[in-house]
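Reading through the structure tokens given below for one structure.
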Amino acid sequence: MSGGEGGMESDGEDDEASNVRTKIYPNGSTGPFIVFFRPKLKPLNLISITRDLTRKFSGVSEIKRVHANKIRVVVNNISHANEIVTCELFTLEYRVYIPSRIVECDGVVTEEGLTLDELYECRGYFRNPAVNPVKIIEVKQLFSSSTQDGKTVYSPSNSFRVTFEGSALPKYIEIDKARLPVRLFVPKVMNCQKCKQLGHTTAYCCNKARCIKCGEEHDDSSCTQAATKCLYCDEDALHKLSDCPTYKQRQEKLKLSLKQRSNRTFAEMLKQATEPLNSGNIYNILPSDETVADSINAGASTSGTANSPWNQPPRFPPIAKAHTSDPQTKS
Ligand SMILES: [Zn+2]
Ligand SMILES: [Zn+2]
Ligand SMILES: [Zn+2]
């Protein structure tokens, strides 16, 4: 795998819309359910979005502009959340999505002779049998890249990227009685050719163009200067993006944040599996999206459920013992 699974499209934090498959909350998930809006054909119009959302979807409980190009909608009804991301009233003009990292996770399975059909039949298992296996949503064969006559050539590998339901990465899949281990799939951090920032692609760039050669605000092609530095790390050096220290750092952080998310979700699944009456929510252990909007910051917010702003306060305060003045108690 050292050659990398180079042919794969990145599926990072910010490219939900570039992936054709619309993500939805799987059955059985509990809220609150988060949906994001980003500009597509036109800038975000908070007032008109709010008007349409509240008119059509009673389950919407909060609409907040996270920053100029991102609106977060909190929904307390799973079917409303899933309907919003497919509702043409919004999707024609805006990117409307449920972040993939909340509802699914990607692993890699490597074995010679595997087929897509076989893999689609499988489920993902955890070592602890108390935790139910999870469904496979999507399988893609990975490609390895090599250089031939100065050109990059991609050829199919024995590895498959397997997308599982839920954000806890299973340990293995089973084909007949064969157990195949699942490794974490770490997508490549995206880079924007237009503004030369990491974390998004040109297709969804809302920034001004920045010239790769001189760093000024114009298009690369209109510039006659020679490049002298890397705009991603600001070092006076020219290197490939994959050698850029800033890029490598982001890649490491992304990996760490995916691992932490998986571990947190698994811990919550285990808790639910062993405490059937616990109505906990595997989704609200995610930090608020202001902090995970950029995958890179996700690792910083692992404080768990207690202070998650999404946690609903308990509906009733705990009943104190020897509490005799309950107004509903008949005297
Ligand atoms: Zn950009
Ligand atoms: Zn320039
Ligand atoms: Zn650099």
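Note on naming: chains are A, B, ... as they come in the structure tokens, residues start from 1 per chain, ligands start from 1 in the order shown.
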Considering only C-alpha atoms and all ligand atoms, tabulate each residue of chain A that lies at most 9 Å from ligand 2 along with its nearest interatomic pair and the corresponding distance in Å to one decimal; arrange the rows by chain and ascending residue number and present them as a Markdown table.
```
| residue | atom | partner | partner_atom_place_in_ligand_line | distance |
| --- | --- | --- | --- | --- |
| A:Arg210 | CA | ligand 2 | 1 (Zn) | 7.6 |
| A:Cys211 | CA | ligand 2 | 1 (Zn) | 4.5 |
| A:Ile212 | CA | ligand 2 | 1 (Zn) | 6.6 |
| A:Lys213 | CA | ligand 2 | 1 (Zn) | 5.0 |
| A:Cys214 | CA | ligand 2 | 1 (Zn) | 4.1 |
| A:Gly215 | CA | ligand 2 | 1 (Zn) | 5.9 |
| A:Glu216 | CA | ligand 2 | 1 (Zn) | 5.4 |
| A:Glu217 | CA | ligand 2 | 1 (Zn) | 7.4 |
| A:His218 | CA | ligand 2 | 1 (Zn) | 6.1 |
| A:Asp219 | CA | ligand 2 | 1 (Zn) | 6.9 |
| A:Asp220 | CA | ligand 2 | 1 (Zn) | 5.8 |
| A:Ser221 | CA | ligand 2 | 1 (Zn) | 8.0 |
| A:Ser222 | CA | ligand 2 | 1 (Zn) | 6.9 |
| A:Cys223 | CA | ligand 2 | 1 (Zn) | 4.2 |
| A:Thr224 | CA | ligand 2 | 1 (Zn) | 6.8 |
| A:Gln225 | CA | ligand 2 | 1 (Zn) | 6.2 |
| A:Ala226 | CA | ligand 2 | 1 (Zn) | 8.3 |
| A:Ala227 | CA | ligand 2 | 1 (Zn) | 8.4 |
```
Enumerate, in order of chain and increasing residue number, the residues of chain A with an atom no farther than 8 Å from ligand 3, each with its shortest atom pair and distance in Å to one decimal, counting only C-alpha atoms and all ligand atoms, as CSV.
```
residue,atom,partner,partner_atom_place_in_ligand_line,distance
A:Lys229,CA,ligand 3,1 (Zn),7.7
A:Cys230,CA,ligand 3,1 (Zn),4.5
A:Leu231,CA,ligand 3,1 (Zn),6.4
A:Tyr232,CA,ligand 3,1 (Zn),4.9
A:Cys233,CA,ligand 3,1 (Zn),4.0
A:Asp234,CA,ligand 3,1 (Zn),6.3
A:Glu235,CA,ligand 3,1 (Zn),6.0
A:Ala237,CA,ligand 3,1 (Zn),7.2
A:Leu238,CA,ligand 3,1 (Zn),7.1
A:His239,CA,ligand 3,1 (Zn),6.3
A:Lys240,CA,ligand 3,1 (Zn),7.6
A:Leu241,CA,ligand 3,1 (Zn),6.4
A:Asp243,CA,ligand 3,1 (Zn),7.1
A:Cys244,CA,ligand 3,1 (Zn),3.7
A:Pro245,CA,ligand 3,1 (Zn),5.7
A:Thr246,CA,ligand 3,1 (Zn),6.0
A:Tyr247,CA,ligand 3,1 (Zn),6.9
```
Nearby polymer residues, ligand 1, at most 9 Å, only C-alpha atoms and all ligand atoms, as a ChimeraX atom specification: /A:191-210
Residues of the last selection are to be written out with N, CA and C atoms, as a short mmCIF file (atom, residue, chain, number, x, y, z; two decimals), in the first residue's frame.
```cif
data_model
loop_
_atom_site.label_atom_id
_atom_site.label_comp_id
_atom_site.auth_asym_id
_atom_site.auth_seq_id
_atom_site.Cartn_x
_atom_site.Cartn_y
_atom_site.Cartn_z
N ASN A 191 -7.20 20.21 -1.34
CA ASN A 191 -6.56 21.52 -1.50
C ASN A 191 -7.26 22.27 -2.61
N CYS A 192 -7.36 23.55 -2.42
CA CYS A 192 -8.08 24.37 -3.39
C CYS A 192 -7.10 25.02 -4.35
N GLN A 193 -7.32 24.74 -5.63
CA GLN A 193 -6.43 25.29 -6.67
C GLN A 193 -6.65 26.80 -6.84
N LYS A 194 -7.81 27.26 -6.37
CA LYS A 194 -8.13 28.67 -6.61
C LYS A 194 -7.54 29.58 -5.53
N CYS A 195 -7.84 29.30 -4.27
CA CYS A 195 -7.37 30.19 -3.20
C CYS A 195 -6.14 29.66 -2.48
N LYS A 196 -5.75 28.44 -2.82
CA LYS A 196 -4.56 27.80 -2.25
C LYS A 196 -4.69 27.60 -0.74
N GLN A 197 -5.87 27.15 -0.35
CA GLN A 197 -6.06 26.76 1.04
C GLN A 197 -6.43 25.29 1.10
N LEU A 198 -6.25 24.71 2.28
CA LEU A 198 -6.56 23.30 2.46
C LEU A 198 -7.97 23.14 3.02
N GLY A 199 -8.59 22.01 2.73
CA GLY A 199 -9.87 21.70 3.36
C GLY A 199 -11.08 21.82 2.45
N HIS A 200 -10.90 22.32 1.26
CA HIS A 200 -12.01 22.37 0.30
C HIS A 200 -11.44 22.32 -1.11
N THR A 201 -12.34 22.21 -2.08
CA THR A 201 -11.88 22.18 -3.47
C THR A 201 -12.39 23.42 -4.21
N THR A 202 -11.85 23.62 -5.38
CA THR A 202 -12.22 24.79 -6.19
C THR A 202 -13.72 24.88 -6.42
N ALA A 203 -14.34 23.73 -6.60
CA ALA A 203 -15.77 23.72 -6.91
C ALA A 203 -16.59 24.44 -5.85
N TYR A 204 -16.14 24.41 -4.61
CA TYR A 204 -16.92 25.03 -3.53
C TYR A 204 -16.16 26.17 -2.87
N CYS A 205 -15.26 26.76 -3.62
CA CYS A 205 -14.44 27.83 -3.04
C CYS A 205 -15.22 29.14 -3.04
N CYS A 206 -15.22 29.80 -1.90
CA CYS A 206 -15.90 31.09 -1.80
C CYS A 206 -14.88 32.21 -1.58
N ASN A 207 -13.61 31.91 -1.73
CA ASN A 207 -12.57 32.92 -1.50
C ASN A 207 -12.11 33.52 -2.82
N LYS A 208 -11.33 34.58 -2.69
CA LYS A 208 -10.74 35.18 -3.88
C LYS A 208 -9.60 34.29 -4.37
N ALA A 209 -9.36 34.36 -5.68
CA ALA A 209 -8.26 33.59 -6.24
C ALA A 209 -6.94 34.11 -5.68
N ARG A 210 -6.00 33.19 -5.50
CA ARG A 210 -4.67 33.60 -5.05
C ARG A 210 -3.65 32.95 -5.99
#
```
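The shortest atom-to-atom distance to A:Ala68, with only C-alpha atoms taken into account, belongs to A:Pro39 out of A:Pro26, A:Gly124, A:Pro39, A:Pro170.
We find atom CA of A:Arg95 and atom CA of A:Leu44 to be spaced 9.7 Å apart.
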Between atom CA of A:Gly166 and atom CA of A:Lys259, what distance in Å does the model show, to one decimal?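 Going from atom CA of A:Gly166 over to atom CA of A:Lys259 covers 13.4 Å.
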DSSP on the backbone: what in stretch 20-86 of chain A comes out strand (DSSP E or B), as a CSV table (one decimal) with C-alpha atoms, in the first residue's frame?
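In the end it all went to part-v8.csv:
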```csv
chain,number,residue,atom,x,y,z
A,33,PHE,CA,-30.2,15.8,13.6
A,34,ILE,CA,-27.9,18.3,11.9
A,35,VAL,CA,-28.2,19.5,8.3
A,36,PHE,CA,-25.9,22.1,6.7
A,37,PHE,CA,-26.5,24.6,4.0
A,38,ARG,CA,-23.7,26.0,1.8
A,39,PRO,CA,-23.9,28.3,-1.3
A,60,VAL,CA,-36.7,22.3,12.6
A,61,SER,CA,-35.6,23.6,16.0
A,62,GLU,CA,-32.7,25.9,15.3
A,63,ILE,CA,-31.2,27.6,12.3
A,64,LYS,CA,-27.9,29.3,12.8
A,65,ARG,CA,-25.4,30.9,10.5
A,66,VAL,CA,-22.1,29.3,11.4
A,67,HIS,CA,-20.2,31.7,9.1
A,70,LYS,CA,-22.5,27.9,6.1
A,71,ILE,CA,-25.8,27.5,7.9
A,72,ARG,CA,-26.4,24.8,10.5
A,73,VAL,CA,-30.0,23.5,10.9
A,74,VAL,CA,-30.9,21.4,13.9
A,75,VAL,CA,-33.9,19.2,13.4
```
Could you jot down the atom CA of A:Lys188 to atom CA of A:Lys253 separation for me, Å, one decimal place?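 These two atoms are separated by 11.4 Å.
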Filtered DSSP result for stretch 117-255 of chain A, state helix (DSSP H, G or I), as a count of residues only: 25
